[in-house]
file upload.txt (compact mmCIF, C-alpha atoms)
# COMPACT_ATOMS: atom_id res chain seq x y z
CA MET A 1 15.44 60.41 37.49
CA PHE A 2 15.58 63.89 35.94
CA SER A 3 12.63 65.14 33.93
CA LEU A 4 11.48 68.59 32.89
CA HIS A 5 8.68 70.21 34.89
CA PRO A 6 5.50 70.26 32.72
CA SER A 7 5.62 74.05 32.31
CA LEU A 8 9.21 73.83 31.02
CA ALA A 9 8.48 70.81 28.84
CA THR A 10 6.20 73.03 26.70
CA LYS A 11 9.09 75.38 25.75
CA ILE A 12 10.97 75.08 22.44
CA TYR A 13 13.70 72.43 22.72
CA VAL A 14 17.18 73.55 21.63
CA GLY A 15 19.58 70.87 22.89
CA GLU A 16 21.89 69.63 25.65
CA LEU A 17 24.97 71.21 27.18
CA SER A 18 27.12 69.13 29.55
CA PHE A 19 25.04 70.02 32.63
CA CYS A 20 21.96 71.86 31.35
CA THR A 21 19.13 71.30 28.91
CA VAL A 22 18.63 74.41 26.74
CA LEU A 23 15.10 75.57 25.96
CA MET A 24 13.73 78.70 24.27
CA GLU A 25 10.69 80.90 24.95
CA ASP A 26 8.36 81.34 21.99
CA VAL A 27 8.80 85.11 21.85
CA ALA A 28 9.99 86.69 18.61
CA ASP A 29 11.11 90.09 19.91
CA PHE A 30 14.37 88.83 21.48
CA VAL A 31 16.11 85.52 22.06
CA TRP A 32 15.09 84.20 25.49
CA LEU A 33 16.72 80.94 26.58
CA PHE A 34 16.38 78.73 29.65
CA LEU A 35 19.20 76.63 31.10
CA VAL A 36 17.79 73.75 33.15
CA PRO A 37 20.37 71.73 35.15
CA ARG A 38 19.74 68.01 34.67
CA LYS A 39 19.62 67.17 38.37
CA GLU A 40 16.44 65.87 39.92
CA ASN A 41 14.63 67.61 42.80
CA THR A 42 16.33 70.95 42.15
CA ARG A 43 14.11 73.87 43.13
CA ASN A 44 16.78 76.58 43.25
CA MET A 45 20.55 77.06 43.33
CA LEU A 46 20.71 76.08 47.00
CA ASP A 47 19.97 72.53 45.83
CA LEU A 48 23.21 72.46 43.80
CA THR A 49 26.57 71.45 45.23
CA HIS A 50 29.36 74.02 44.99
CA ASP A 51 30.86 72.18 42.00
CA GLU A 52 27.47 72.07 40.26
CA ARG A 53 27.13 75.85 40.76
CA MET A 54 30.45 76.34 39.04
CA LEU A 55 29.32 74.10 36.16
CA LEU A 56 26.14 76.14 35.88
CA MET A 57 28.10 79.42 35.86
CA ASN A 58 30.33 78.01 33.09
CA GLU A 59 27.27 77.27 30.96
CA ILE A 60 25.72 80.68 31.70
CA GLU A 61 29.00 82.22 30.51
CA LEU A 62 29.04 80.11 27.33
CA THR A 63 25.40 80.98 26.62
CA GLU A 64 25.78 84.72 27.27
CA SER A 65 28.90 85.01 25.15
CA THR A 66 27.38 82.98 22.29
CA LEU A 67 24.13 84.97 22.28
CA THR A 68 26.10 88.23 22.34
CA ARG A 69 28.21 87.12 19.40
CA LEU A 70 25.16 85.99 17.39
CA PHE A 71 22.52 88.58 18.28
CA HIS A 72 24.39 91.71 19.54
CA PRO A 73 22.00 92.63 22.37
CA ASP A 74 22.30 95.97 24.16
CA GLN A 75 22.13 94.07 27.46
CA THR A 76 21.79 90.48 28.62
CA ASN A 77 19.45 89.66 31.50
CA VAL A 78 20.32 86.55 33.56
CA ALA A 79 17.87 85.47 36.24
CA MET A 80 16.76 82.62 38.48
CA ILE A 81 13.24 83.42 39.70
CA GLY A 82 11.25 80.19 40.13
CA ASN A 83 8.22 81.66 41.91
CA ILE A 84 5.82 79.89 39.57
CA THR A 85 7.76 76.90 38.18
CA PRO A 86 9.41 74.92 41.01
CA GLN A 87 12.38 73.57 39.01
CA LEU A 88 15.63 75.53 38.72
CA HIS A 89 15.85 77.25 35.34
CA VAL A 90 18.08 80.18 34.42
CA HIS A 91 16.68 82.82 32.08
CA VAL A 92 19.29 84.21 29.66
CA ILE A 93 17.69 86.97 27.60
CA CYS A 94 18.97 89.29 24.85
CA ARG A 95 17.55 92.77 25.42
CA TYR A 96 17.48 95.77 23.10
CA LYS A 97 16.81 99.42 23.76
CA ASN A 98 14.08 99.26 21.12
CA ASP A 99 12.47 95.97 22.23
CA ALA A 100 8.77 95.87 23.16
CA VAL A 101 9.19 96.16 26.94
CA TRP A 102 12.59 97.89 27.48
CA PRO A 103 13.69 98.94 30.10
CA ASN A 104 11.19 96.84 32.06
CA THR A 105 11.80 93.20 32.88
CA VAL A 106 10.27 90.61 30.56
CA TRP A 107 8.00 88.79 32.98
CA GLY A 108 4.24 89.36 32.99
CA HIS A 109 3.97 90.66 29.42
CA LYS A 110 2.22 88.95 26.52
CA LEU A 111 4.61 89.08 23.56
CA PRO A 112 4.22 87.88 19.94
CA ALA A 113 5.42 84.36 19.08
CA TYR A 114 7.87 83.33 16.32
CA THR A 115 6.68 82.41 12.87
CA ASP A 116 7.45 78.73 12.15
CA ASP A 117 10.23 79.65 9.70
CA LYS A 118 11.91 82.09 12.07
CA LYS A 119 11.69 79.64 14.99
CA LYS A 120 13.35 76.92 12.90
CA GLU A 121 16.08 79.31 11.75
CA ILE A 122 16.93 80.45 15.31
CA VAL A 123 16.90 76.90 16.71
CA GLU A 124 19.17 75.64 13.91
CA LEU A 125 21.59 78.52 14.51
CA LEU A 126 21.65 77.83 18.27
CA LYS A 127 22.18 74.10 17.73
CA LYS A 128 25.17 74.88 15.55
CA GLU A 129 26.72 77.73 17.54
CA LEU A 130 25.84 76.91 21.16
CA ILE A 131 25.12 73.20 21.48
CA CYS A 132 27.85 71.92 19.17
CA GLN A 133 30.38 74.32 20.71
CA LYS A 134 30.11 72.73 24.19
CA MET B 1 39.15 103.32 40.18
CA PHE B 2 35.97 101.55 41.28
CA SER B 3 33.04 103.60 42.49
CA LEU B 4 29.34 102.86 42.84
CA HIS B 5 26.98 104.14 40.13
CA PRO B 6 24.92 107.03 41.58
CA SER B 7 21.70 105.00 41.58
CA LEU B 8 23.40 102.21 43.59
CA ALA B 9 25.14 104.69 45.92
CA THR B 10 21.70 105.68 47.27
CA LYS B 11 20.96 102.12 48.50
CA ILE B 12 21.45 101.08 52.13
CA TYR B 13 25.10 100.15 52.74
CA VAL B 14 25.66 96.77 54.39
CA GLY B 15 29.40 96.01 53.98
CA GLU B 16 32.16 94.41 51.92
CA LEU B 17 32.68 90.79 50.88
CA SER B 18 36.00 89.81 49.27
CA PHE B 19 34.86 90.74 45.75
CA CYS B 20 31.51 92.50 46.13
CA THR B 21 30.07 95.47 47.99
CA VAL B 22 26.75 94.50 49.64
CA LEU B 23 23.83 96.95 49.52
CA MET B 24 20.16 96.64 50.51
CA GLU B 25 16.94 97.95 48.97
CA ASP B 26 14.79 100.02 51.31
CA VAL B 27 11.81 97.68 51.10
CA ALA B 28 10.40 96.23 54.31
CA ASP B 29 8.38 93.34 52.91
CA PHE B 30 11.36 91.08 52.18
CA VAL B 31 15.15 91.29 52.38
CA TRP B 32 16.47 92.44 48.99
CA LEU B 33 20.25 92.68 48.65
CA PHE B 34 22.58 93.77 45.84
CA LEU B 35 26.06 92.34 45.27
CA VAL B 36 28.21 94.80 43.31
CA PRO B 37 31.59 93.46 42.13
CA ARG B 38 34.30 96.03 42.89
CA LYS B 39 35.72 96.13 39.37
CA GLU B 40 35.55 99.34 37.36
CA ASN B 41 33.79 99.60 33.99
CA THR B 42 31.69 96.47 34.57
CA ARG B 43 28.33 96.67 32.83
CA ASN B 44 27.40 92.98 32.95
CA MET B 45 28.89 89.55 33.60
CA LEU B 46 30.56 89.50 30.19
CA ASP B 47 32.94 92.14 31.58
CA LEU B 48 34.20 89.69 34.23
CA THR B 49 37.02 87.23 33.67
CA HIS B 50 36.21 83.55 34.19
CA ASP B 51 37.89 83.62 37.62
CA GLU B 52 35.92 86.72 38.60
CA ARG B 53 32.67 84.96 37.61
CA MET B 54 33.57 82.10 39.91
CA LEU B 55 34.29 84.57 42.75
CA LEU B 56 30.92 86.20 42.11
CA MET B 57 29.13 82.81 42.16
CA ASN B 58 30.87 82.02 45.48
CA GLU B 59 29.52 85.23 46.99
CA ILE B 60 26.03 84.65 45.55
CA GLU B 61 26.12 81.20 47.22
CA LEU B 62 27.27 82.66 50.55
CA THR B 63 24.57 85.34 50.39
CA GLU B 64 21.75 82.97 49.40
CA SER B 65 22.63 80.45 52.08
CA THR B 66 22.98 83.13 54.78
CA LEU B 67 19.68 84.80 53.88
CA THR B 68 17.94 81.42 53.85
CA ARG B 69 19.31 80.57 57.29
CA LEU B 70 18.31 83.96 58.73
CA PHE B 71 15.01 84.72 57.01
CA HIS B 72 13.56 81.36 55.82
CA PRO B 73 12.18 82.54 52.45
CA ASP B 74 9.89 80.32 50.40
CA GLN B 75 12.09 81.08 47.38
CA THR B 76 15.18 83.14 46.60
CA ASN B 77 15.30 85.19 43.40
CA VAL B 78 18.77 85.86 41.95
CA ALA B 79 19.01 88.19 38.97
CA MET B 80 21.31 90.36 36.91
CA ILE B 81 19.14 92.76 34.89
CA GLY B 82 20.96 96.10 34.43
CA ASN B 83 18.59 97.65 31.88
CA ILE B 84 18.39 100.89 33.87
CA THR B 85 21.58 101.00 35.97
CA PRO B 86 24.67 100.31 33.79
CA GLN B 87 26.85 98.77 36.53
CA LEU B 88 26.78 95.03 37.23
CA HIS B 89 24.73 94.32 40.37
CA VAL B 90 23.20 91.01 41.39
CA HIS B 91 19.80 91.08 43.06
CA VAL B 92 19.42 88.42 45.80
CA ILE B 93 15.88 88.55 47.15
CA CYS B 94 14.00 86.57 49.83
CA ARG B 95 10.48 85.87 48.56
CA TYR B 96 7.43 84.61 50.45
CA LYS B 97 4.16 83.17 49.26
CA ASN B 98 2.38 85.87 51.27
CA ASP B 99 4.59 88.82 50.24
CA ALA B 100 3.01 91.88 48.58
CA VAL B 101 3.76 90.91 44.97
CA TRP B 102 4.08 87.07 44.96
CA PRO B 103 4.32 85.32 42.51
CA ASN B 104 5.25 88.28 40.32
CA THR B 105 8.79 89.60 40.08
CA VAL B 106 9.71 92.54 42.33
CA TRP B 107 10.61 95.12 39.69
CA GLY B 108 8.29 97.98 38.85
CA HIS B 109 6.31 97.94 42.10
CA LYS B 110 6.27 100.65 44.76
CA LEU B 111 6.75 98.91 48.10
CA PRO B 112 6.80 100.30 51.68
CA ALA B 113 10.19 101.24 53.18
CA TYR B 114 11.69 100.05 56.47
CA THR B 115 11.18 101.96 59.70
CA ASP B 116 14.52 103.32 60.97
CA ASP B 117 14.63 100.80 63.84
CA LYS B 118 13.89 97.81 61.58
CA LYS B 119 16.44 98.94 58.99
CA LYS B 120 19.12 99.24 61.68
CA GLU B 121 18.23 95.80 63.10
CA ILE B 122 18.45 94.08 59.69
CA VAL B 123 21.71 95.79 58.72
CA GLU B 124 23.32 94.90 62.06
CA LEU B 125 22.23 91.27 61.64
CA LEU B 126 23.61 91.14 58.09
CA LYS B 127 26.91 92.72 59.15
CA LYS B 128 27.30 90.06 61.82
CA GLU B 129 26.09 87.01 59.88
CA LEU B 130 27.07 87.75 56.27
CA ILE B 131 29.91 90.29 56.23
CA CYS B 132 31.88 88.94 59.19
CA GLN B 133 31.44 85.35 57.93
CA LYS B 134 33.36 86.00 54.70
call {"tool": "encode", "arguments": {"input": "upload.txt", "output": "structure tokens"}}
result
Amino acid sequence: MFSLHPSLATKIYVGELSFCTVLMEDVADFVWLFLVPRKENTRNMLDLTHDERMLLMNEIELTESTLTRLFHPDQTNVAMIGNITPQLHVHVICRYKNDAVWPNTVWGHKLPAYTDDKKKEIVELLKKELICQK
Amino acid sequence: MFSLHPSLATKIYVGELSFCTVLMEDVADFVWLFLVPRKENTRNMLDLTHDERMLLMNEIELTESTLTRLFHPDQTNVAMIGNITPQLHVHVICRYKNDAVWPNTVWGHKLPAYTDDKKKEIVELLKKELICQK
């Protein structure tokens, strides 16, 4: 049965798309989501069938286009790394030319967390615009 | 008309898949490829049509599975970043638990280049097993 890896289970919960659970990193500088396919024993994309890959790409597309519409990033970063957390999760990140680590990648930096009010506001917006749009 | 961005044109040329040009980073520690969709004015995946995204995912799948068969990585990293080079290119990277930067991501490190003989050997293998398989 599918369950989130413990290091993903600590992320901010946003909601469910048809194939993926949507989580958010607690970083206030830019919106940083994770798409986690709800299929057990999935370490990386090689563990998906061809049809599941297409489903995943559909949900990446929906997420990227929704984030772009809501948050107007200068660039979106999309990545499957998985060196540390052995469960497939796709990073979808809004980047800005004036963000704290541009043009570097986001991994390995310590970045400030959301305030409780801001976190609630972003999650509510994403529930409405991303999760309910599926 | 499509042409490679100057910073991608300096990479090692491997060959052509149906939709993407395949390039390689000159880093000897692990095989690090780039898939560059041959569509002009493409900054990121949002500039692809839905059908083009599916084509790209097909070629990511072919590349990941071929690299895994040939080089037996512990993990593959797949990423679209594009903060520095404004032309869509997908990184597909074979990672090992004993590579020089594991478990960190590969960006921002200076890593040793291939010898000429090793570079030629890897490119010939990729031409045979990835490009001619398309």
call {"tool": "residues_around", "arguments": {"input": "upload.txt", "residues": "Val27 of chain A", "least_positions_apart": "4", "cutoff": "10 Å", "atoms": "only C-alpha atoms", "output": "list of chain:residue names"}}
result
A:Val31, A:Trp32, A:Lys110, A:Leu111, A:Pro112, A:Ala113, A:Tyr114, A:Thr115, A:Lys119
call {"tool": "atom_distance", "arguments": {"input": "upload.txt", "atom1": "atom CA of Gly15 of chain A", "atom2": "atom CA of Ile81 of chain B"}}
result
25.0 Å
call {"tool": "closest_residue", "arguments": {"input": "upload.txt", "among": "A:Phe19, A:Phe2, A:Tyr96, A:Phe71", "to": "Leu126 of chain A", "atoms": "all atoms listed in the file"}}
result
A:Phe71
call {"tool": "residues_around", "arguments": {"input": "upload.txt", "residues": "Asn41 of chain B", "least_positions_apart": "3", "cutoff": "12 Å", "atoms": "all atoms listed in the file", "output": "list of chain:residue names"}}
result
B:Met1, B:Phe2, B:Ser3, B:Leu4, B:His5, B:Val36, B:Pro37, B:Arg38, B:Asn44, B:Met45, B:Leu46, B:Asp47, B:Leu48, B:Pro86, B:Gln87, B:Leu88
call {"tool": "write_last_selection", "arguments": {"input": "upload.txt", "atoms": "C-alpha atoms", "output": "PDB file, in the frame of the given file"}}
result
ATOM      1  CA  MET B   1      39.150 103.320  40.180  1.00  0.00           C
ATOM      2  CA  PHE B   2      35.970 101.550  41.280  1.00  0.00           C
ATOM      3  CA  SER B   3      33.040 103.600  42.490  1.00  0.00           C
ATOM      4  CA  LEU B   4      29.340 102.860  42.840  1.00  0.00           C
ATOM      5  CA  HIS B   5      26.980 104.140  40.130  1.00  0.00           C
ATOM      6  CA  VAL B  36      28.210  94.800  43.310  1.00  0.00           C
ATOM      7  CA  PRO B  37      31.590  93.460  42.130  1.00  0.00           C
ATOM      8  CA  ARG B  38      34.300  96.030  42.890  1.00  0.00           C
ATOM      9  CA  ASN B  44      27.400  92.980  32.950  1.00  0.00           C
ATOM     10  CA  MET B  45      28.890  89.550  33.600  1.00  0.00           C
ATOM     11  CA  LEU B  46      30.560  89.500  30.190  1.00  0.00           C
ATOM     12  CA  ASP B  47      32.940  92.140  31.580  1.00  0.00           C
ATOM     13  CA  LEU B  48      34.200  89.690  34.230  1.00  0.00           C
ATOM     14  CA  PRO B  86      24.670 100.310  33.790  1.00  0.00           C
ATOM     15  CA  GLN B  87      26.850  98.770  36.530  1.00  0.00           C
ATOM     16  CA  LEU B  88      26.780  95.030  37.230  1.00  0.00           C
TER      17      LEU B  88
END
call {"tool": "atom_distance", "arguments": {"input": "upload.txt", "atom1": "atom CA of Trp102 of chain B", "atom2": "atom CA of Ala79 of chain B"}}
result
16.1 Å
call {"tool": "interface_residues", "arguments": {"input": "upload.txt", "of": "chain A", "to": "chain B", "cutoff": "6 Å", "atoms": "all atoms listed in the file", "output": "list in words"}}
result
Asn77, Val78, Ala79, Met80, Ile81, Asn83 and Pro103 of chain A
call {"tool": "write_last_selection", "arguments": {"input": "upload.txt", "atoms": "C-alpha atoms", "output": "tab-separated table (two decimals), in the coordinates of the input"}}
result
chain	number	residue	atom	x	y	z
A	77	ASN	CA	19.45	89.66	31.50
A	78	VAL	CA	20.32	86.55	33.56
A	79	ALA	CA	17.87	85.47	36.24
A	80	MET	CA	16.76	82.62	38.48
A	81	ILE	CA	13.24	83.42	39.70
A	83	ASN	CA	8.22	81.66	41.91
A	103	PRO	CA	13.69	98.94	30.10
call {"tool": "atom_distance", "arguments": {"input": "upload.txt", "atom1": "atom CA of Leu17 of chain A", "atom2": "atom CA of Thr42 of chain B"}}
result
27.2 Å
call {"tool": "calpha_fit_and_write", "arguments": {"input": "upload.txt", "fixed": "chain B", "moving": "chain A", "output": "PDB file with C-alpha atoms, in the coordinates of the input"}}
result
ATOM      1  CA  MET A   1      39.147 103.318  40.150  1.00  0.00           C
ATOM      2  CA  PHE A   2      35.968 101.543  41.282  1.00  0.00           C
ATOM      3  CA  SER A   3      33.027 103.599  42.478  1.00  0.00           C
ATOM      4  CA  LEU A   4      29.335 102.866  42.850  1.00  0.00           C
ATOM      5  CA  HIS A   5      26.988 104.133  40.139  1.00  0.00           C
ATOM      6  CA  PRO A   6      24.909 107.035  41.581  1.00  0.00           C
ATOM      7  CA  SER A   7      21.695 104.980  41.565  1.00  0.00           C
ATOM      8  CA  LEU A   8      23.406 102.227  43.588  1.00  0.00           C
ATOM      9  CA  ALA A   9      25.131 104.690  45.905  1.00  0.00           C
ATOM     10  CA  THR A  10      21.682 105.685  47.253  1.00  0.00           C
ATOM     11  CA  LYS A  11      20.952 102.124  48.503  1.00  0.00           C
ATOM     12  CA  ILE A  12      21.458 101.087  52.143  1.00  0.00           C
ATOM     13  CA  TYR A  13      25.109 100.157  52.744  1.00  0.00           C
ATOM     14  CA  VAL A  14      25.679  96.766  54.395  1.00  0.00           C
ATOM     15  CA  GLY A  15      29.393  96.015  53.979  1.00  0.00           C
ATOM     16  CA  GLU A  16      32.161  94.405  51.921  1.00  0.00           C
ATOM     17  CA  LEU A  17      32.686  90.801  50.890  1.00  0.00           C
ATOM     18  CA  SER A  18      36.000  89.814  49.275  1.00  0.00           C
ATOM     19  CA  PHE A  19      34.850  90.735  45.749  1.00  0.00           C
ATOM     20  CA  CYS A  20      31.499  92.503  46.140  1.00  0.00           C
ATOM     21  CA  THR A  21      30.052  95.464  47.988  1.00  0.00           C
ATOM     22  CA  VAL A  22      26.737  94.496  49.632  1.00  0.00           C
ATOM     23  CA  LEU A  23      23.837  96.944  49.524  1.00  0.00           C
ATOM     24  CA  MET A  24      20.170  96.641  50.518  1.00  0.00           C
ATOM     25  CA  GLU A  25      16.941  97.957  48.973  1.00  0.00           C
ATOM     26  CA  ASP A  26      14.795 100.030  51.314  1.00  0.00           C
ATOM     27  CA  VAL A  27      11.814  97.685  51.104  1.00  0.00           C
ATOM     28  CA  ALA A  28      10.409  96.228  54.315  1.00  0.00           C
ATOM     29  CA  ASP A  29       8.377  93.339  52.891  1.00  0.00           C
ATOM     30  CA  PHE A  30      11.389  91.079  52.188  1.00  0.00           C
ATOM     31  CA  VAL A  31      15.163  91.295  52.369  1.00  0.00           C
ATOM     32  CA  TRP A  32      16.474  92.450  48.978  1.00  0.00           C
ATOM     33  CA  LEU A  33      20.256  92.673  48.635  1.00  0.00           C
ATOM     34  CA  PHE A  34      22.581  93.768  45.839  1.00  0.00           C
ATOM     35  CA  LEU A  35      26.056  92.336  45.258  1.00  0.00           C
ATOM     36  CA  VAL A  36      28.199  94.803  43.308  1.00  0.00           C
ATOM     37  CA  PRO A  37      31.601  93.466  42.134  1.00  0.00           C
ATOM     38  CA  ARG A  38      34.317  96.017  42.901  1.00  0.00           C
ATOM     39  CA  LYS A  39      35.729  96.130  39.379  1.00  0.00           C
ATOM     40  CA  GLU A  40      35.556  99.310  37.365  1.00  0.00           C
ATOM     41  CA  ASN A  41      33.784  99.578  33.990  1.00  0.00           C
ATOM     42  CA  THR A  42      31.688  96.460  34.587  1.00  0.00           C
ATOM     43  CA  ARG A  43      28.326  96.672  32.837  1.00  0.00           C
ATOM     44  CA  ASN A  44      27.404  92.981  32.960  1.00  0.00           C
ATOM     45  CA  MET A  45      28.900  89.547  33.608  1.00  0.00           C
ATOM     46  CA  LEU A  46      30.563  89.502  30.190  1.00  0.00           C
ATOM     47  CA  ASP A  47      32.938  92.135  31.584  1.00  0.00           C
ATOM     48  CA  LEU A  48      34.195  89.683  34.236  1.00  0.00           C
ATOM     49  CA  THR A  49      37.019  87.223  33.661  1.00  0.00           C
ATOM     50  CA  HIS A  50      36.200  83.547  34.175  1.00  0.00           C
ATOM     51  CA  ASP A  51      37.879  83.606  37.604  1.00  0.00           C
ATOM     52  CA  GLU A  52      35.918  86.719  38.604  1.00  0.00           C
ATOM     53  CA  ARG A  53      32.672  84.950  37.610  1.00  0.00           C
ATOM     54  CA  MET A  54      33.561  82.099  39.912  1.00  0.00           C
ATOM     55  CA  LEU A  55      34.286  84.569  42.735  1.00  0.00           C
ATOM     56  CA  LEU A  56      30.923  86.199  42.111  1.00  0.00           C
ATOM     57  CA  MET A  57      29.139  82.821  42.157  1.00  0.00           C
ATOM     58  CA  ASN A  58      30.865  82.012  45.473  1.00  0.00           C
ATOM     59  CA  GLU A  59      29.519  85.226  46.994  1.00  0.00           C
ATOM     60  CA  ILE A  60      26.029  84.643  45.558  1.00  0.00           C
ATOM     61  CA  GLU A  61      26.125  81.209  47.216  1.00  0.00           C
ATOM     62  CA  LEU A  62      27.262  82.661  50.558  1.00  0.00           C
ATOM     63  CA  THR A  63      24.566  85.346  50.392  1.00  0.00           C
ATOM     64  CA  GLU A  64      21.743  82.976  49.406  1.00  0.00           C
ATOM     65  CA  SER A  65      22.619  80.445  52.079  1.00  0.00           C
ATOM     66  CA  THR A  66      22.976  83.129  54.777  1.00  0.00           C
ATOM     67  CA  LEU A  67      19.676  84.814  53.882  1.00  0.00           C
ATOM     68  CA  THR A  68      17.930  81.428  53.855  1.00  0.00           C
ATOM     69  CA  ARG A  69      19.309  80.582  57.277  1.00  0.00           C
ATOM     70  CA  LEU A  70      18.321  83.979  58.727  1.00  0.00           C
ATOM     71  CA  PHE A  71      15.008  84.728  57.015  1.00  0.00           C
ATOM     72  CA  HIS A  72      13.569  81.356  55.817  1.00  0.00           C
ATOM     73  CA  PRO A  73      12.187  82.550  52.465  1.00  0.00           C
ATOM     74  CA  ASP A  74       9.897  80.326  50.402  1.00  0.00           C
ATOM     75  CA  GLN A  75      12.094  81.087  47.381  1.00  0.00           C
ATOM     76  CA  THR A  76      15.184  83.133  46.600  1.00  0.00           C
ATOM     77  CA  ASN A  77      15.302  85.199  43.412  1.00  0.00           C
ATOM     78  CA  VAL A  78      18.779  85.869  41.952  1.00  0.00           C
ATOM     79  CA  ALA A  79      19.019  88.187  38.965  1.00  0.00           C
ATOM     80  CA  MET A  80      21.326  90.365  36.889  1.00  0.00           C
ATOM     81  CA  ILE A  81      19.147  92.761  34.882  1.00  0.00           C
ATOM     82  CA  GLY A  82      20.960  96.090  34.426  1.00  0.00           C
ATOM     83  CA  ASN A  83      18.578  97.655  31.898  1.00  0.00           C
ATOM     84  CA  ILE A  84      18.385 100.882  33.878  1.00  0.00           C
ATOM     85  CA  THR A  85      21.581 100.991  35.977  1.00  0.00           C
ATOM     86  CA  PRO A  86      24.657 100.318  33.800  1.00  0.00           C
ATOM     87  CA  GLN A  87      26.862  98.766  36.515  1.00  0.00           C
ATOM     88  CA  LEU A  88      26.776  95.031  37.243  1.00  0.00           C
ATOM     89  CA  HIS A  89      24.739  94.332  40.373  1.00  0.00           C
ATOM     90  CA  VAL A  90      23.197  91.016  41.390  1.00  0.00           C
ATOM     91  CA  HIS A  91      19.793  91.073  43.067  1.00  0.00           C
ATOM     92  CA  VAL A  92      19.426  88.426  45.797  1.00  0.00           C
ATOM     93  CA  ILE A  93      15.879  88.554  47.147  1.00  0.00           C
ATOM     94  CA  CYS A  94      13.997  86.573  49.815  1.00  0.00           C
ATOM     95  CA  ARG A  95      10.478  85.864  48.564  1.00  0.00           C
ATOM     96  CA  TYR A  96       7.439  84.609  50.455  1.00  0.00           C
ATOM     97  CA  LYS A  97       4.170  83.169  49.252  1.00  0.00           C
ATOM     98  CA  ASN A  98       2.395  85.858  51.269  1.00  0.00           C
ATOM     99  CA  ASP A  99       4.589  88.820  50.238  1.00  0.00           C
ATOM    100  CA  ALA A 100       3.018  91.876  48.579  1.00  0.00           C
ATOM    101  CA  VAL A 101       3.766  90.929  44.961  1.00  0.00           C
ATOM    102  CA  TRP A 102       4.120  87.093  44.941  1.00  0.00           C
ATOM    103  CA  PRO A 103       4.328  85.307  42.502  1.00  0.00           C
ATOM    104  CA  ASN A 104       5.252  88.291  40.323  1.00  0.00           C
ATOM    105  CA  THR A 105       8.789  89.604  40.075  1.00  0.00           C
ATOM    106  CA  VAL A 106       9.724  92.529  42.311  1.00  0.00           C
ATOM    107  CA  TRP A 107      10.622  95.117  39.701  1.00  0.00           C
ATOM    108  CA  GLY A 108       8.267  97.978  38.845  1.00  0.00           C
ATOM    109  CA  HIS A 109       6.299  97.935  42.106  1.00  0.00           C
ATOM    110  CA  LYS A 110       6.264 100.648  44.759  1.00  0.00           C
ATOM    111  CA  LEU A 111       6.736  98.914  48.114  1.00  0.00           C
ATOM    112  CA  PRO A 112       6.801 100.298  51.689  1.00  0.00           C
ATOM    113  CA  ALA A 113      10.184 101.248  53.181  1.00  0.00           C
ATOM    114  CA  TYR A 114      11.703 100.052  56.489  1.00  0.00           C
ATOM    115  CA  THR A 115      11.169 101.941  59.700  1.00  0.00           C
ATOM    116  CA  ASP A 116      14.500 103.321  60.986  1.00  0.00           C
ATOM    117  CA  ASP A 117      14.607 100.782  63.836  1.00  0.00           C
ATOM    118  CA  LYS A 118      13.884  97.804  61.599  1.00  0.00           C
ATOM    119  CA  LYS A 119      16.440  98.942  59.001  1.00  0.00           C
ATOM    120  CA  LYS A 120      19.124  99.226  61.690  1.00  0.00           C
ATOM    121  CA  GLU A 121      18.239  95.802  63.097  1.00  0.00           C
ATOM    122  CA  ILE A 122      18.441  94.070  59.683  1.00  0.00           C
ATOM    123  CA  VAL A 123      21.703  95.806  58.728  1.00  0.00           C
ATOM    124  CA  GLU A 124      23.317  94.888  62.065  1.00  0.00           C
ATOM    125  CA  LEU A 125      22.226  91.262  61.650  1.00  0.00           C
ATOM    126  CA  LEU A 126      23.615  91.137  58.090  1.00  0.00           C
ATOM    127  CA  LYS A 127      26.906  92.724  59.157  1.00  0.00           C
ATOM    128  CA  LYS A 128      27.292  90.051  61.804  1.00  0.00           C
ATOM    129  CA  GLU A 129      26.080  87.010  59.862  1.00  0.00           C
ATOM    130  CA  LEU A 130      27.080  87.761  56.258  1.00  0.00           C
ATOM    131  CA  ILE A 131      29.907  90.289  56.228  1.00  0.00           C
ATOM    132  CA  CYS A 132      31.870  88.938  59.186  1.00  0.00           C
ATOM    133  CA  GLN A 133      31.433  85.363  57.937  1.00  0.00           C
ATOM    134  CA  LYS A 134      33.356  86.023  54.685  1.00  0.00           C
TER     135      LYS A 134
END
call {"tool": "closest_residue", "arguments": {"input": "upload.txt", "among": "B:Cys94, B:Ser7, B:Leu23, B:Ile122", "to": "His72 of chain B", "atoms": "only C-alpha atoms"}}
result
B:Cys94
call {"tool": "axis_aligned_box", "arguments": {"input": "upload.txt", "around": "segment 72-88 of chain A", "padding_each_side": "3 Å", "output": "lines of an AutoDock Vina configuration file"}}
result
center_x = 15.1
center_y = 84.8
center_z = 30.7
size_x = 24.6
size_y = 28.4
size_z = 28.4
call {"tool": "closest_residue", "arguments": {"input": "upload.txt", "among": "B:Glu59, B:Arg69, B:Ala28, B:Tyr13", "to": "Asp117 of chain B", "atoms": "all atoms listed in the file"}}
result
B:Ala28
call {"tool": "closest_residue", "arguments": {"input": "upload.txt", "among": "A:Thr63, A:His89, A:Lys11, A:Asp51", "to": "Cys132 of chain A", "atoms": "only C-alpha atoms"}}
result
A:Thr63
call {"tool": "decode", "arguments": {"input": "upload.txt", "residues": "segment 110-121 of chain A", "atoms": "C-alpha atoms", "output": "tab-separated table (two decimals), in the first residue's frame"}}
result
chain	number	residue	atom	x	y	z
A	110	LYS	CA	19.10	26.95	4.28
A	111	LEU	CA	16.22	29.29	3.43
A	112	PRO	CA	13.70	31.12	5.65
A	113	ALA	CA	10.36	29.40	6.37
A	114	TYR	CA	6.85	30.82	5.83
A	115	THR	CA	5.03	32.68	8.55
A	116	ASP	CA	1.91	30.74	9.62
A	117	ASP	CA	-0.40	33.26	7.93
A	118	LYS	CA	1.49	33.23	4.64
A	119	LYS	CA	1.69	29.43	4.61
A	120	LYS	CA	-2.08	29.17	5.13
A	121	GLU	CA	-2.73	31.73	2.38
